[in-house]
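Below is the file final35.txt, which contains compact mmCIF, C-alpha atoms.
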```txt
# COMPACT_ATOMS: atom_id res chain seq x y z
CA MET N 194 14.75 -9.07 -9.61
CA SER N 195 17.53 -10.15 -7.28
CA ALA N 196 20.55 -7.91 -6.99
CA PHE N 197 22.65 -10.77 -8.34
CA GLU N 198 22.52 -12.22 -11.84
CA SER N 199 23.72 -15.76 -12.49
CA SER N 200 27.20 -14.66 -13.67
CA GLU N 201 27.71 -12.74 -10.42
CA THR N 202 26.45 -15.70 -8.40
CA GLN N 203 28.97 -17.97 -10.11
CA ALA N 204 31.73 -15.64 -8.91
CA LEU N 205 30.74 -16.28 -5.28
CA ASP N 206 32.90 -18.99 -3.77
CA VAL N 207 31.45 -21.05 -0.93
CA SER N 208 34.39 -23.47 -0.68
CA GLY N 209 36.04 -21.57 2.18
CA LEU N 210 32.93 -21.21 4.29
CA SER N 211 32.69 -22.70 7.76
CA THR N 212 30.68 -25.84 8.42
CA ASP N 213 28.07 -23.67 10.18
CA ALA N 214 27.78 -21.34 7.17
CA ILE N 215 27.33 -24.29 4.80
CA ALA N 216 24.65 -25.71 7.13
CA GLU N 217 22.84 -22.36 7.00
CA LEU N 218 23.05 -22.23 3.20
CA ARG N 219 21.71 -25.80 3.10
CA SER N 220 18.76 -24.71 5.25
CA ASP N 221 18.24 -21.67 2.99
CA HIS N 222 18.21 -23.90 -0.09
CA ALA N 223 15.78 -26.30 1.59
CA GLY N 224 13.59 -23.37 2.63
CA GLU N 225 13.51 -21.87 -0.84
CA THR N 226 12.62 -25.31 -2.21
CA GLY N 227 9.75 -25.51 0.26
CA ALA N 228 8.66 -21.96 -0.60
CA VAL N 229 8.45 -22.73 -4.31
CA TYR N 230 6.28 -25.74 -3.51
CA ILE N 231 4.06 -23.80 -1.10
CA TYR N 232 3.06 -21.56 -3.98
CA LEU N 233 2.72 -24.51 -6.37
CA GLY N 234 0.38 -26.22 -3.88
CA LEU N 235 -1.60 -23.04 -3.43
CA LEU N 236 -1.92 -22.61 -7.20
CA ALA N 237 -2.92 -26.26 -7.67
CA ILE N 238 -5.90 -25.87 -5.34
CA SER N 239 -7.04 -22.25 -5.37
CA LYS N 240 -9.40 -20.92 -8.02
CA ASP N 241 -9.47 -17.45 -6.38
CA PRO N 242 -8.02 -15.04 -8.99
CA ILE N 243 -6.72 -12.59 -6.36
CA LEU N 244 -4.96 -15.33 -4.39
CA ARG N 245 -3.59 -16.86 -7.59
CA GLN N 246 -2.15 -13.50 -8.69
CA PHE N 247 -0.53 -13.10 -5.25
CA ALA N 248 0.89 -16.65 -5.41
CA ASN N 249 2.21 -16.29 -8.96
CA ALA N 250 4.03 -13.06 -8.12
CA HIS N 251 5.64 -14.58 -5.04
CA LEU N 252 6.42 -17.84 -6.83
CA ALA N 253 8.54 -16.00 -9.40
CA THR N 254 10.68 -14.50 -6.63
CA GLU N 255 11.07 -17.81 -4.79
CA GLN N 256 12.07 -19.54 -8.03
CA ARG N 257 14.81 -16.94 -8.58
CA HIS N 258 16.07 -17.49 -5.04
CA LEU N 259 16.09 -21.25 -5.54
CA MET N 260 17.85 -21.06 -8.90
CA THR N 261 20.51 -18.81 -7.36
CA LEU N 262 21.09 -21.18 -4.45
CA ASN N 263 21.14 -24.17 -6.83
CA GLY N 264 24.03 -22.49 -8.64
CA LEU N 265 25.78 -21.56 -5.44
CA LEU N 266 25.55 -24.62 -3.21
CA PRO N 267 27.20 -27.79 -4.55
CA LYS N 268 24.88 -30.80 -4.86
CA HIS N 269 26.76 -32.74 -2.17
CA ALA N 270 26.09 -29.89 0.30
CA GLN N 271 22.36 -29.66 -0.42
CA SER N 272 19.77 -31.19 1.87
CA LYS N 273 19.27 -34.93 1.57
CA CYS N 274 15.57 -34.29 2.29
CA LEU N 275 14.60 -32.22 -0.76
CA ALA N 276 11.72 -34.57 -1.59
CA LEU N 277 10.38 -34.02 1.93
CA TRP N 278 10.67 -30.23 1.59
CA ARG N 279 8.80 -30.37 -1.73
CA LEU N 280 6.02 -32.49 -0.25
CA ALA N 281 5.76 -30.43 2.93
CA GLY N 282 5.73 -27.15 0.99
CA TRP N 283 3.12 -28.33 -1.52
CA SER N 284 0.93 -29.72 1.26
CA LEU N 285 1.15 -26.50 3.28
CA GLY N 286 0.22 -24.46 0.21
CA ALA N 287 -2.69 -26.76 -0.61
CA ILE N 288 -4.01 -26.64 2.97
CA ALA N 289 -3.66 -22.86 2.97
CA ALA N 290 -5.64 -22.62 -0.27
CA LEU N 291 -8.41 -24.84 1.11
CA GLY N 292 -8.80 -22.42 4.01
CA GLY N 293 -9.47 -19.49 1.70
CA ARG N 294 -7.79 -16.17 1.17
CA PRO N 295 -7.38 -14.94 4.81
CA PHE N 296 -6.10 -18.36 5.90
CA ALA N 297 -3.65 -18.50 2.97
CA TYR N 298 -2.37 -15.00 3.72
CA THR N 299 -1.92 -15.92 7.39
CA THR N 300 0.06 -18.99 6.31
CA ILE N 301 2.37 -16.92 4.10
CA GLN N 302 2.77 -14.29 6.80
CA ALA N 303 3.79 -16.97 9.32
CA VAL N 304 6.29 -18.59 6.95
CA GLU N 305 7.82 -15.31 5.82
CA THR N 306 8.04 -13.90 9.36
CA PHE N 307 10.06 -16.96 10.31
CA VAL N 308 12.19 -16.78 7.14
CA VAL N 309 13.11 -13.13 7.67
CA GLU N 310 14.26 -13.90 11.22
CA HIS N 311 16.16 -16.95 9.97
CA TYR N 312 18.04 -14.97 7.32
CA GLN N 313 18.81 -12.15 9.76
CA GLN N 314 20.29 -14.46 12.40
CA GLN N 315 22.76 -16.05 9.98
CA LEU N 316 24.09 -13.07 8.01
CA HIS N 317 27.11 -12.60 10.28
CA LEU N 318 28.48 -15.97 9.07
CA PHE N 319 29.03 -14.83 5.48
CA PRO N 320 31.58 -12.66 3.69
CA THR N 321 30.25 -9.43 2.17
CA PRO N 322 29.31 -10.55 -1.37
CA LEU N 323 27.34 -13.53 -0.09
CA ARG N 324 25.89 -11.55 2.80
CA THR N 325 24.67 -8.92 0.33
CA LEU N 326 22.96 -11.61 -1.74
CA LEU N 327 21.24 -13.08 1.30
CA GLU N 328 20.22 -9.61 2.50
CA SER N 329 18.48 -9.09 -0.85
CA PHE N 330 16.67 -12.43 -0.38
CA CYS N 331 15.69 -11.35 3.14
CA ALA N 332 14.30 -8.07 1.79
CA ASP N 333 12.21 -9.97 -0.76
CA GLU N 334 10.85 -12.23 1.98
CA ALA N 335 10.06 -9.23 4.19
CA HIS N 336 8.11 -7.74 1.29
CA HIS N 337 6.15 -11.01 0.94
CA ARG N 338 5.49 -11.04 4.70
CA ASP N 339 4.25 -7.45 4.63
CA GLU N 340 1.98 -8.05 1.62
CA ALA N 341 0.47 -11.09 3.33
CA ARG N 342 0.06 -9.20 6.62
CA LEU N 343 -1.83 -6.38 4.91
CA ALA N 344 -4.03 -8.80 3.00
CA ALA N 345 -4.76 -11.05 6.01
CA HIS N 346 -6.63 -8.37 7.96
CA PRO N 347 -5.37 -7.23 11.36
CA GLY N 348 -6.35 -9.34 14.32
CA SER N 349 -6.44 -12.53 12.31
CA LYS N 350 -8.23 -15.34 14.13
CA TYR N 351 -5.61 -17.86 13.09
CA ARG N 352 -3.03 -17.33 15.86
CA LEU N 353 -2.67 -21.04 16.61
CA TRP N 354 -2.17 -21.81 12.91
CA HIS N 355 0.44 -19.03 12.67
CA TRP N 356 2.30 -20.57 15.61
CA LEU N 357 2.09 -24.10 14.13
CA VAL N 358 3.45 -22.94 10.76
CA ALA N 359 6.29 -21.00 12.39
CA SER N 360 7.13 -23.96 14.66
CA GLY N 361 7.10 -26.34 11.70
CA SER N 362 9.40 -23.99 9.80
CA ALA N 363 11.82 -23.90 12.73
CA ALA N 364 11.85 -27.71 12.95
CA ALA N 365 12.46 -27.97 9.21
CA VAL N 366 15.43 -25.61 9.44
CA GLY N 367 16.89 -27.65 12.28
CA LEU N 368 16.66 -30.82 10.20
CA ALA N 369 17.93 -29.18 7.02
CA ARG N 370 21.02 -27.88 8.82
CA ARG N 371 21.95 -31.49 9.60
CA LEU N 372 20.67 -33.34 6.53
```
Let me see the structure of the file written as structure tokens.
Amino acid sequence: MSAFESSETQALDVSGLSTDAIAELRSDHAGETGAVYIYLGLLAISKDPILRQFANAHLATEQRHLMTLNGLLPKHAQSKCLALWRLAGWSLGAIAALGGRPFAYTTIQAVETFVVEHYQQQLHLFPTPLRTLLESFCADEAHHRDEARLAAHPGSKYRLWHWLVASGSAAAVGLARRL
């Protein structure tokens, strides 16, 4: 469970944050939206009980992150492209599931590797209570990355796919910061 319950999240005030900090929170919200839908897409396609258990466990964490950010970031500051992030996430999860367990794990590893780096590069923008919250999210994502890495088998043959997923994630963040 996240270090912050909903009552503590409500006490966090984002009204005084810089434009850059709000843009980063918008990209975080968009990313958590996409993450929820990655796991929903994976679960919609995969019949593999091991992969489904993995996806369900991670989905619960991503849903908590998204609910927290929904309560934190005012609607007018959220991405205007949420429908796109839902579609892109679901599609990525579905494609990952079609590729089988190692391919799905490689996909999650690529996404989460990018997400951890993304959270780490923005933490300096936030005051301590909000930074602490985002650090807890980052730790959850690092745990997901590490679980996927262990499950994917070292020396995965999907290096190009890993790069494509990470590059797509970076492009999505760039767009979400603006829209």
Determine, using all atoms listed in the file, which residues of segment 314-339 of chain N have any atom at most 7 Å from an atom of segment 205-227 of chain N, and tabulate each with its shortest atom pair and distance in Å to one decimal place, rows ordered by chain and then rising number, as CSV.
```
residue,atom,partner,partner_atom,distance
N:Gln315,CA,N:Glu217,CA,7.0
N:Leu318,CA,N:Ala214,CA,5.7
N:Phe319,CA,N:Ala214,CA,6.8
N:Leu323,CA,N:Leu205,CA,6.8
```
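Distances here use all atoms listed in the file; by that measure, the residue among N:Ala363, N:Ala289, N:Ala369, N:Ala335 closest to Leu233 of chain N is N:Ala289.
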### Task
Could you tell me how far atom CA of Tyr230 of chain N lies from atom CA of Pro320 of chain N, in Å and to one decimal?
29.4 Å
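Here atom CA of His258 of chain N stands at a distance of 16.9 Å from atom CA of Thr306 of chain N.
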### Message
Residues near Gln314 of chain N, anyone? I mean within 12 Å using only C-alpha atoms, not counting same-chain ones fewer than 6 positions away, as number ranges by chain.
### Response
N: 214, 217, 307-308, 324, 327-328, 331
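Nearest-residue note for Ser362 of chain N: choosing from N:Leu244, N:Ala228, N:Ala344, N:His337, the minimum distance belongs to N:Ala228, counting only C-alpha atoms.
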### Summary
With distances taken over all atoms listed in the file, the candidate from N:Trp356, N:Trp283, N:Phe296, N:Tyr312 nearest Gly234 of chain N is N:Trp283
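Taking all atoms listed in the file into account, Leu372 of chain N lies nearest to N:Leu275 out of the set N:Leu275, N:Leu266, N:Ala237, N:Ile231.
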### Message
Could you list, as a PyMOL selection string, every residue within 10 Å of Thr300 of chain N, counting all atoms listed in the file and ignoring same-chain residues fewer than 2 positions away?
### Response
chain N and resi 231+285-286+288-290+292+294-298+302-306+338+341-342+345+351+354-359
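Nearest residue to Gly282 of chain N among N:Ile243, N:Thr261, N:Arg370, N:Gly361 is N:Gly361, counting all atoms listed in the file.
Taking atom CA of Ala287 of chain N and atom CA of Leu265 of chain N as endpoints, the distance between them is 29.3 Å.
Using all atoms listed in the file, the shortest contact distance between Asp333 of chain N and any of N:Leu368, N:Ala253, N:Asn263, N:Leu280 is found at N:Ala253.
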Complete the atoms of segment 217-228 of chain N to N, CA and C atoms and put them out as a compact mmCIF listing (two decimals), in the coordinates of the input.
```txt
# COMPACT_ATOMS: atom_id res chain seq x y z
N GLU N 217 23.85 -23.41 7.18
CA GLU N 217 22.84 -22.36 7.00
C GLU N 217 22.43 -22.24 5.54
N LEU N 218 23.39 -22.28 4.62
CA LEU N 218 23.05 -22.23 3.20
C LEU N 218 22.20 -23.44 2.80
N ARG N 219 22.51 -24.61 3.38
CA ARG N 219 21.71 -25.80 3.10
C ARG N 219 20.27 -25.58 3.58
N SER N 220 20.12 -24.98 4.75
CA SER N 220 18.76 -24.71 5.25
C SER N 220 18.06 -23.66 4.40
N ASP N 221 18.82 -22.68 3.89
CA ASP N 221 18.24 -21.67 2.99
C ASP N 221 17.75 -22.32 1.70
N HIS N 222 18.58 -23.20 1.15
CA HIS N 222 18.21 -23.90 -0.09
C HIS N 222 16.97 -24.76 0.14
N ALA N 223 16.94 -25.47 1.26
CA ALA N 223 15.78 -26.30 1.59
C ALA N 223 14.54 -25.42 1.76
N GLY N 224 14.71 -24.28 2.42
CA GLY N 224 13.59 -23.37 2.63
C GLY N 224 13.06 -22.78 1.34
N GLU N 225 13.96 -22.41 0.44
CA GLU N 225 13.51 -21.87 -0.84
C GLU N 225 12.84 -22.95 -1.68
N THR N 226 13.30 -24.19 -1.54
CA THR N 226 12.62 -25.31 -2.21
C THR N 226 11.20 -25.43 -1.68
N GLY N 227 11.07 -25.43 -0.35
CA GLY N 227 9.75 -25.51 0.26
C GLY N 227 8.87 -24.34 -0.15
N ALA N 228 9.44 -23.15 -0.24
CA ALA N 228 8.66 -21.96 -0.60
C ALA N 228 8.09 -22.07 -2.02
```
